[in-house]
file protein14.txt (compact mmCIF, N, CA and C atoms)
# COMPACT_ATOMS: atom_id res chain seq x y z
N MET A 1332 124.44 99.62 141.96
CA MET A 1332 123.95 98.92 140.79
C MET A 1332 123.50 99.95 139.76
N SER A 1333 123.85 99.74 138.49
CA SER A 1333 123.48 100.70 137.45
C SER A 1333 122.05 100.45 136.98
N ASN A 1334 121.49 101.45 136.40
CA ASN A 1334 120.11 101.38 135.92
C ASN A 1334 120.12 101.53 134.39
N LEU A 1335 120.74 100.57 133.70
CA LEU A 1335 120.83 100.62 132.24
C LEU A 1335 119.53 100.16 131.61
N GLN A 1336 119.12 100.84 130.56
CA GLN A 1336 117.93 100.46 129.82
C GLN A 1336 118.22 100.52 128.33
N THR A 1337 117.67 99.56 127.61
CA THR A 1337 117.84 99.54 126.17
C THR A 1337 116.88 100.55 125.55
N PRO A 1338 117.37 101.39 124.65
CA PRO A 1338 116.50 102.36 124.01
C PRO A 1338 115.34 101.69 123.27
N GLN A 1339 114.19 102.30 123.31
CA GLN A 1339 112.99 101.72 122.71
C GLN A 1339 113.15 101.49 121.21
N HIS A 1340 113.85 102.37 120.50
CA HIS A 1340 114.00 102.17 119.06
C HIS A 1340 114.80 100.91 118.74
N LEU A 1341 115.74 100.55 119.61
CA LEU A 1341 116.49 99.31 119.41
C LEU A 1341 115.63 98.09 119.70
N LEU A 1342 114.80 98.18 120.73
CA LEU A 1342 113.89 97.08 121.04
C LEU A 1342 112.89 96.88 119.89
N ASN A 1343 112.40 97.98 119.34
CA ASN A 1343 111.47 97.89 118.21
C ASN A 1343 112.14 97.26 117.00
N ALA A 1344 113.38 97.63 116.73
CA ALA A 1344 114.12 97.06 115.61
C ALA A 1344 114.34 95.56 115.81
N LEU A 1345 114.63 95.17 117.02
CA LEU A 1345 114.83 93.75 117.32
C LEU A 1345 113.55 92.97 117.09
N LYS A 1346 112.43 93.49 117.55
CA LYS A 1346 111.14 92.82 117.35
C LYS A 1346 110.81 92.71 115.87
N ALA A 1347 111.12 93.74 115.10
CA ALA A 1347 110.84 93.74 113.66
C ALA A 1347 111.71 92.73 112.92
N ALA A 1348 112.89 92.44 113.45
CA ALA A 1348 113.83 91.55 112.79
C ALA A 1348 113.50 90.07 113.02
N VAL A 1349 112.66 89.78 113.99
CA VAL A 1349 112.32 88.40 114.30
C VAL A 1349 111.48 87.82 113.16
N LYS A 1350 111.93 86.69 112.64
CA LYS A 1350 111.25 86.06 111.52
C LYS A 1350 111.12 84.58 111.81
N GLN A 1351 109.93 84.07 111.65
CA GLN A 1351 109.73 82.64 111.82
C GLN A 1351 110.20 81.92 110.55
N PRO A 1352 110.96 80.84 110.70
CA PRO A 1352 111.44 80.13 109.51
C PRO A 1352 110.29 79.44 108.77
N THR A 1353 110.41 79.36 107.46
CA THR A 1353 109.41 78.67 106.65
C THR A 1353 109.61 77.16 106.78
N ALA A 1354 108.64 76.40 106.32
CA ALA A 1354 108.75 74.93 106.35
C ALA A 1354 109.96 74.47 105.53
N ASP A 1355 110.18 75.11 104.39
CA ASP A 1355 111.34 74.74 103.56
C ASP A 1355 112.66 75.04 104.27
N GLU A 1356 112.73 76.16 104.97
CA GLU A 1356 113.95 76.51 105.70
C GLU A 1356 114.20 75.51 106.84
N LEU A 1357 113.13 75.11 107.53
CA LEU A 1357 113.28 74.13 108.61
C LEU A 1357 113.74 72.78 108.06
N ARG A 1358 113.19 72.40 106.91
CA ARG A 1358 113.59 71.13 106.29
C ARG A 1358 115.06 71.18 105.89
N ASP A 1359 115.48 72.27 105.25
CA ASP A 1359 116.89 72.41 104.86
C ASP A 1359 117.80 72.37 106.08
N GLN A 1360 117.37 73.00 107.15
CA GLN A 1360 118.16 73.01 108.38
C GLN A 1360 118.27 71.59 108.95
N SER A 1361 117.18 70.85 108.91
CA SER A 1361 117.19 69.47 109.41
C SER A 1361 118.11 68.59 108.58
N VAL A 1362 118.06 68.74 107.26
CA VAL A 1362 118.93 67.95 106.39
C VAL A 1362 120.39 68.31 106.66
N SER A 1363 120.66 69.59 106.83
CA SER A 1363 122.03 70.01 107.13
C SER A 1363 122.51 69.42 108.45
N PHE A 1364 121.63 69.35 109.44
CA PHE A 1364 121.98 68.74 110.72
C PHE A 1364 122.31 67.27 110.53
N ILE A 1365 121.50 66.58 109.76
CA ILE A 1365 121.74 65.15 109.48
C ILE A 1365 123.11 64.97 108.83
N MET A 1366 123.37 65.79 107.81
CA MET A 1366 124.63 65.66 107.08
C MET A 1366 125.83 65.97 107.98
N GLY A 1367 125.69 66.94 108.85
CA GLY A 1367 126.76 67.26 109.78
C GLY A 1367 126.99 66.18 110.81
N SER A 1368 125.92 65.48 111.14
CA SER A 1368 126.01 64.43 112.17
C SER A 1368 126.67 63.16 111.66
N VAL A 1369 126.47 62.83 110.39
CA VAL A 1369 127.00 61.57 109.87
C VAL A 1369 128.46 61.67 109.45
N GLY A 1370 128.94 62.84 109.16
CA GLY A 1370 130.34 63.00 108.78
C GLY A 1370 130.54 62.83 107.28
N MET A 1371 131.62 63.44 106.80
CA MET A 1371 131.87 63.46 105.35
C MET A 1371 132.29 62.10 104.80
N ASP A 1372 132.89 61.25 105.61
CA ASP A 1372 133.39 59.97 105.12
C ASP A 1372 132.37 58.85 105.27
N SER A 1373 131.12 59.18 105.58
CA SER A 1373 130.09 58.16 105.81
C SER A 1373 129.55 57.56 104.53
N GLY A 1374 129.70 58.27 103.40
CA GLY A 1374 129.12 57.79 102.16
C GLY A 1374 127.66 58.18 102.00
N ILE A 1375 127.11 58.88 102.97
CA ILE A 1375 125.73 59.33 102.93
C ILE A 1375 125.66 60.60 102.08
N THR A 1376 124.75 60.62 101.11
CA THR A 1376 124.57 61.79 100.26
C THR A 1376 123.47 62.68 100.84
N ARG A 1377 123.39 63.89 100.34
CA ARG A 1377 122.32 64.79 100.76
C ARG A 1377 120.95 64.18 100.43
N ALA A 1378 120.86 63.53 99.28
CA ALA A 1378 119.61 62.86 98.90
C ALA A 1378 119.24 61.78 99.91
N ASP A 1379 120.25 61.05 100.41
CA ASP A 1379 120.00 60.04 101.45
C ASP A 1379 119.47 60.70 102.71
N GLY A 1380 120.06 61.83 103.08
CA GLY A 1380 119.60 62.55 104.27
C GLY A 1380 118.18 63.05 104.12
N GLU A 1381 117.86 63.55 102.93
CA GLU A 1381 116.49 64.02 102.67
C GLU A 1381 115.50 62.87 102.73
N GLN A 1382 115.89 61.71 102.19
CA GLN A 1382 115.02 60.54 102.22
C GLN A 1382 114.81 60.05 103.66
N ALA A 1383 115.85 60.04 104.45
CA ALA A 1383 115.74 59.62 105.85
C ALA A 1383 114.81 60.57 106.61
N LEU A 1384 114.94 61.85 106.36
CA LEU A 1384 114.09 62.83 107.02
C LEU A 1384 112.63 62.62 106.62
N SER A 1385 112.38 62.40 105.34
CA SER A 1385 111.01 62.16 104.86
C SER A 1385 110.41 60.92 105.50
N MET A 1386 111.19 59.86 105.59
CA MET A 1386 110.71 58.62 106.21
C MET A 1386 110.39 58.86 107.68
N ASN A 1387 111.25 59.59 108.36
CA ASN A 1387 111.04 59.87 109.78
C ASN A 1387 109.78 60.70 109.98
N GLN A 1388 109.56 61.70 109.12
CA GLN A 1388 108.39 62.55 109.23
C GLN A 1388 107.12 61.77 108.93
N SER A 1389 107.18 60.83 107.97
CA SER A 1389 106.01 60.00 107.66
C SER A 1389 105.64 59.14 108.85
N ARG A 1390 106.63 58.58 109.50
CA ARG A 1390 106.38 57.73 110.68
C ARG A 1390 105.78 58.57 111.81
N ALA A 1391 106.28 59.76 111.98
CA ALA A 1391 105.78 60.63 113.05
C ALA A 1391 104.32 60.99 112.81
N LYS A 1392 103.93 61.20 111.57
CA LYS A 1392 102.53 61.52 111.25
C LYS A 1392 101.61 60.34 111.55
N LYS A 1393 102.09 59.12 111.29
CA LYS A 1393 101.28 57.93 111.55
C LYS A 1393 101.06 57.73 113.05
N VAL A 1394 102.05 58.09 113.85
CA VAL A 1394 101.95 57.93 115.31
C VAL A 1394 101.04 58.99 115.91
N ALA A 1395 101.07 60.18 115.35
CA ALA A 1395 100.29 61.30 115.90
C ALA A 1395 98.83 61.19 115.66

call {"tool": "encode", "arguments": {"input": "protein14.txt", "output": "structure tokens"}}
result
Amino acid sequence: MSNLQTPQHLLNALKAAVKQPTADELRDQSVSFIMGSVGMDSGITRADGEQALSMNQSRAKKVA
């Protein structure tokens, strides 16, 4: 069995590259997921997807 190890400078670079997404980035990602899920021929617009996400988030806050 080999004894391979990742060099410390590469591990440090990897840790430095880790970035937590902002709230806006997460929202955009969620809307993109919605749009990808419904399909292009659904007639659903991006604004519709954003509205659906907002409604869902409002309901989740009321339950929590």

call {"tool": "axis_aligned_box", "arguments": {"input": "protein14.txt", "around": "stretch 1374-1386 of chain A", "padding_each_side": "5 Å", "output": "JSON"}}
result
{"center_x": 120.0, "center_y": 61.3, "center_z": 103.3, "size_x": 29.3, "size_y": 17.0, "size_z": 18.8}

call {"tool": "select_by_dssp", "arguments": {"input": "protein14.txt", "residues": "stretch 1332-1393 of chain A", "states": "helix (DSSP H, G or I)", "output": "mmCIF file with N, CA and C atoms, in the coordinates of the input"}}
result
data_model
loop_
_atom_site.group_PDB
_atom_site.id
_atom_site.type_symbol
_atom_site.label_atom_id
_atom_site.label_comp_id
_atom_site.auth_asym_id
_atom_site.auth_seq_id
_atom_site.Cartn_x
_atom_site.Cartn_y
_atom_site.Cartn_z
ATOM 1 N N GLN A 1339 114.190 102.300 123.310
ATOM 2 C CA GLN A 1339 112.990 101.720 122.710
ATOM 3 C C GLN A 1339 113.150 101.490 121.210
ATOM 4 N N HIS A 1340 113.850 102.370 120.500
ATOM 5 C CA HIS A 1340 114.000 102.170 119.060
ATOM 6 C C HIS A 1340 114.800 100.910 118.740
ATOM 7 N N LEU A 1341 115.740 100.550 119.610
ATOM 8 C CA LEU A 1341 116.490 99.310 119.410
ATOM 9 C C LEU A 1341 115.630 98.090 119.700
ATOM 10 N N LEU A 1342 114.800 98.180 120.730
ATOM 11 C CA LEU A 1342 113.890 97.080 121.040
ATOM 12 C C LEU A 1342 112.890 96.880 119.890
ATOM 13 N N ASN A 1343 112.400 97.980 119.340
ATOM 14 C CA ASN A 1343 111.470 97.890 118.210
ATOM 15 C C ASN A 1343 112.140 97.260 117.000
ATOM 16 N N ALA A 1344 113.380 97.630 116.730
ATOM 17 C CA ALA A 1344 114.120 97.060 115.610
ATOM 18 C C ALA A 1344 114.340 95.560 115.810
ATOM 19 N N LEU A 1345 114.630 95.170 117.020
ATOM 20 C CA LEU A 1345 114.830 93.750 117.320
ATOM 21 C C LEU A 1345 113.550 92.970 117.090
ATOM 22 N N LYS A 1346 112.430 93.490 117.550
ATOM 23 C CA LYS A 1346 111.140 92.820 117.350
ATOM 24 C C LYS A 1346 110.810 92.710 115.870
ATOM 25 N N ALA A 1347 111.120 93.740 115.100
ATOM 26 C CA ALA A 1347 110.840 93.740 113.660
ATOM 27 C C ALA A 1347 111.710 92.730 112.920
ATOM 28 N N ALA A 1348 112.890 92.440 113.450
ATOM 29 C CA ALA A 1348 113.830 91.550 112.790
ATOM 30 C C ALA A 1348 113.500 90.070 113.020
ATOM 31 N N ALA A 1354 108.640 76.400 106.320
ATOM 32 C CA ALA A 1354 108.750 74.930 106.350
ATOM 33 C C ALA A 1354 109.960 74.470 105.530
ATOM 34 N N ASP A 1355 110.180 75.110 104.390
ATOM 35 C CA ASP A 1355 111.340 74.740 103.560
ATOM 36 C C ASP A 1355 112.660 75.040 104.270
ATOM 37 N N GLU A 1356 112.730 76.160 104.970
ATOM 38 C CA GLU A 1356 113.950 76.510 105.700
ATOM 39 C C GLU A 1356 114.200 75.510 106.840
ATOM 40 N N LEU A 1357 113.130 75.110 107.530
ATOM 41 C CA LEU A 1357 113.280 74.130 108.610
ATOM 42 C C LEU A 1357 113.740 72.780 108.060
ATOM 43 N N ARG A 1358 113.190 72.400 106.910
ATOM 44 C CA ARG A 1358 113.590 71.130 106.290
ATOM 45 C C ARG A 1358 115.060 71.180 105.890
ATOM 46 N N ASP A 1359 115.480 72.270 105.250
ATOM 47 C CA ASP A 1359 116.890 72.410 104.860
ATOM 48 C C ASP A 1359 117.800 72.370 106.080
ATOM 49 N N GLN A 1360 117.370 73.000 107.150
ATOM 50 C CA GLN A 1360 118.160 73.010 108.380
ATOM 51 C C GLN A 1360 118.270 71.590 108.950
ATOM 52 N N SER A 1361 117.180 70.850 108.910
ATOM 53 C CA SER A 1361 117.190 69.470 109.410
ATOM 54 C C SER A 1361 118.110 68.590 108.580
ATOM 55 N N VAL A 1362 118.060 68.740 107.260
ATOM 56 C CA VAL A 1362 118.930 67.950 106.390
ATOM 57 C C VAL A 1362 120.390 68.310 106.660
ATOM 58 N N SER A 1363 120.660 69.590 106.830
ATOM 59 C CA SER A 1363 122.030 70.010 107.130
ATOM 60 C C SER A 1363 122.510 69.420 108.450
ATOM 61 N N PHE A 1364 121.630 69.350 109.440
ATOM 62 C CA PHE A 1364 121.980 68.740 110.720
ATOM 63 C C PHE A 1364 122.310 67.270 110.530
ATOM 64 N N ILE A 1365 121.500 66.580 109.760
ATOM 65 C CA ILE A 1365 121.740 65.150 109.480
ATOM 66 C C ILE A 1365 123.110 64.970 108.830
ATOM 67 N N MET A 1366 123.370 65.790 107.810
ATOM 68 C CA MET A 1366 124.630 65.660 107.080
ATOM 69 C C MET A 1366 125.830 65.970 107.980
ATOM 70 N N GLY A 1367 125.690 66.940 108.850
ATOM 71 C CA GLY A 1367 126.760 67.260 109.780
ATOM 72 C C GLY A 1367 126.990 66.180 110.810
ATOM 73 N N SER A 1368 125.920 65.480 111.140
ATOM 74 C CA SER A 1368 126.010 64.430 112.170
ATOM 75 C C SER A 1368 126.670 63.160 111.660
ATOM 76 N N VAL A 1369 126.470 62.830 110.390
ATOM 77 C CA VAL A 1369 127.000 61.570 109.870
ATOM 78 C C VAL A 1369 128.460 61.670 109.450
ATOM 79 N N MET A 1371 131.620 63.440 106.800
ATOM 80 C CA MET A 1371 131.870 63.460 105.350
ATOM 81 C C MET A 1371 132.290 62.100 104.800
ATOM 82 N N ASP A 1372 132.890 61.250 105.610
ATOM 83 C CA ASP A 1372 133.390 59.970 105.120
ATOM 84 C C ASP A 1372 132.370 58.850 105.270
ATOM 85 N N SER A 1373 131.120 59.180 105.580
ATOM 86 C CA SER A 1373 130.090 58.160 105.810
ATOM 87 C C SER A 1373 129.550 57.560 104.530
ATOM 88 N N ARG A 1377 123.390 63.890 100.340
ATOM 89 C CA ARG A 1377 122.320 64.790 100.760
ATOM 90 C C ARG A 1377 120.950 64.180 100.430
ATOM 91 N N ALA A 1378 120.860 63.530 99.280
ATOM 92 C CA ALA A 1378 119.610 62.860 98.900
ATOM 93 C C ALA A 1378 119.240 61.780 99.910
ATOM 94 N N ASP A 1379 120.250 61.050 100.410
ATOM 95 C CA ASP A 1379 120.000 60.040 101.450
ATOM 96 C C ASP A 1379 119.470 60.700 102.710
ATOM 97 N N GLY A 1380 120.060 61.830 103.080
ATOM 98 C CA GLY A 1380 119.600 62.550 104.270
ATOM 99 C C GLY A 1380 118.180 63.050 104.120
ATOM 100 N N GLU A 1381 117.860 63.550 102.930
ATOM 101 C CA GLU A 1381 116.490 64.020 102.670
ATOM 102 C C GLU A 1381 115.500 62.870 102.730
ATOM 103 N N GLN A 1382 115.890 61.710 102.190
ATOM 104 C CA GLN A 1382 115.020 60.540 102.220
ATOM 105 C C GLN A 1382 114.810 60.050 103.660
ATOM 106 N N ALA A 1383 115.850 60.040 104.450
ATOM 107 C CA ALA A 1383 115.740 59.620 105.850
ATOM 108 C C ALA A 1383 114.810 60.570 106.610
ATOM 109 N N LEU A 1384 114.940 61.850 106.360
ATOM 110 C CA LEU A 1384 114.090 62.830 107.020
ATOM 111 C C LEU A 1384 112.630 62.620 106.620
ATOM 112 N N SER A 1385 112.380 62.400 105.340
ATOM 113 C CA SER A 1385 111.010 62.160 104.860
ATOM 114 C C SER A 1385 110.410 60.920 105.500
ATOM 115 N N MET A 1386 111.190 59.860 105.590
ATOM 116 C CA MET A 1386 110.710 58.620 106.210
ATOM 117 C C MET A 1386 110.390 58.860 107.680
ATOM 118 N N ASN A 1387 111.250 59.590 108.360
ATOM 119 C CA ASN A 1387 111.040 59.870 109.780
ATOM 120 C C ASN A 1387 109.780 60.700 109.980
ATOM 121 N N GLN A 1388 109.560 61.700 109.120
ATOM 122 C CA GLN A 1388 108.390 62.550 109.230
ATOM 123 C C GLN A 1388 107.120 61.770 108.930
ATOM 124 N N SER A 1389 107.180 60.830 107.970
ATOM 125 C CA SER A 1389 106.010 60.000 107.660
ATOM 126 C C SER A 1389 105.640 59.140 108.850
ATOM 127 N N ARG A 1390 106.630 58.580 109.500
ATOM 128 C CA ARG A 1390 106.380 57.730 110.680
ATOM 129 C C ARG A 1390 105.780 58.570 111.810
ATOM 130 N N ALA A 1391 106.280 59.760 111.980
ATOM 131 C CA ALA A 1391 105.780 60.630 113.050
ATOM 132 C C ALA A 1391 104.320 60.990 112.810
ATOM 133 N N LYS A 1392 103.930 61.200 111.570
ATOM 134 C CA LYS A 1392 102.530 61.520 111.250
ATOM 135 C C LYS A 1392 101.610 60.340 111.550
ATOM 136 N N LYS A 1393 102.090 59.120 111.290
ATOM 137 C CA LYS A 1393 101.280 57.930 111.550
ATOM 138 C C LYS A 1393 101.060 57.730 113.050
#

call {"tool": "atom_distance", "arguments": {"input": "protein14.txt", "atom1": "atom CA of A:Glu1381", "atom2": "atom CA of A:Gln1351"}}
result
21.8 Å

call {"tool": "atom_distance", "arguments": {"input": "protein14.txt", "atom1": "atom CA of A:Arg1377", "atom2": "atom C of A:Lys1392"}}
result
23.8 Å

call {"tool": "atom_distance", "arguments": {"input": "protein14.txt", "atom1": "atom CA of A:Ser1389", "atom2": "atom CA of A:Gln1360"}}
result
17.8 Å

call {"tool": "residues_near_point", "arguments": {"input": "protein14.txt", "point": "(115.5, 68.7, 103.7)", "cutoff": "8 Å", "atoms": "all atoms listed in the file", "output": "PyMOL selection string"}}
result
chain A and resi 1355-1363+1377+1380-1382+1384-1385
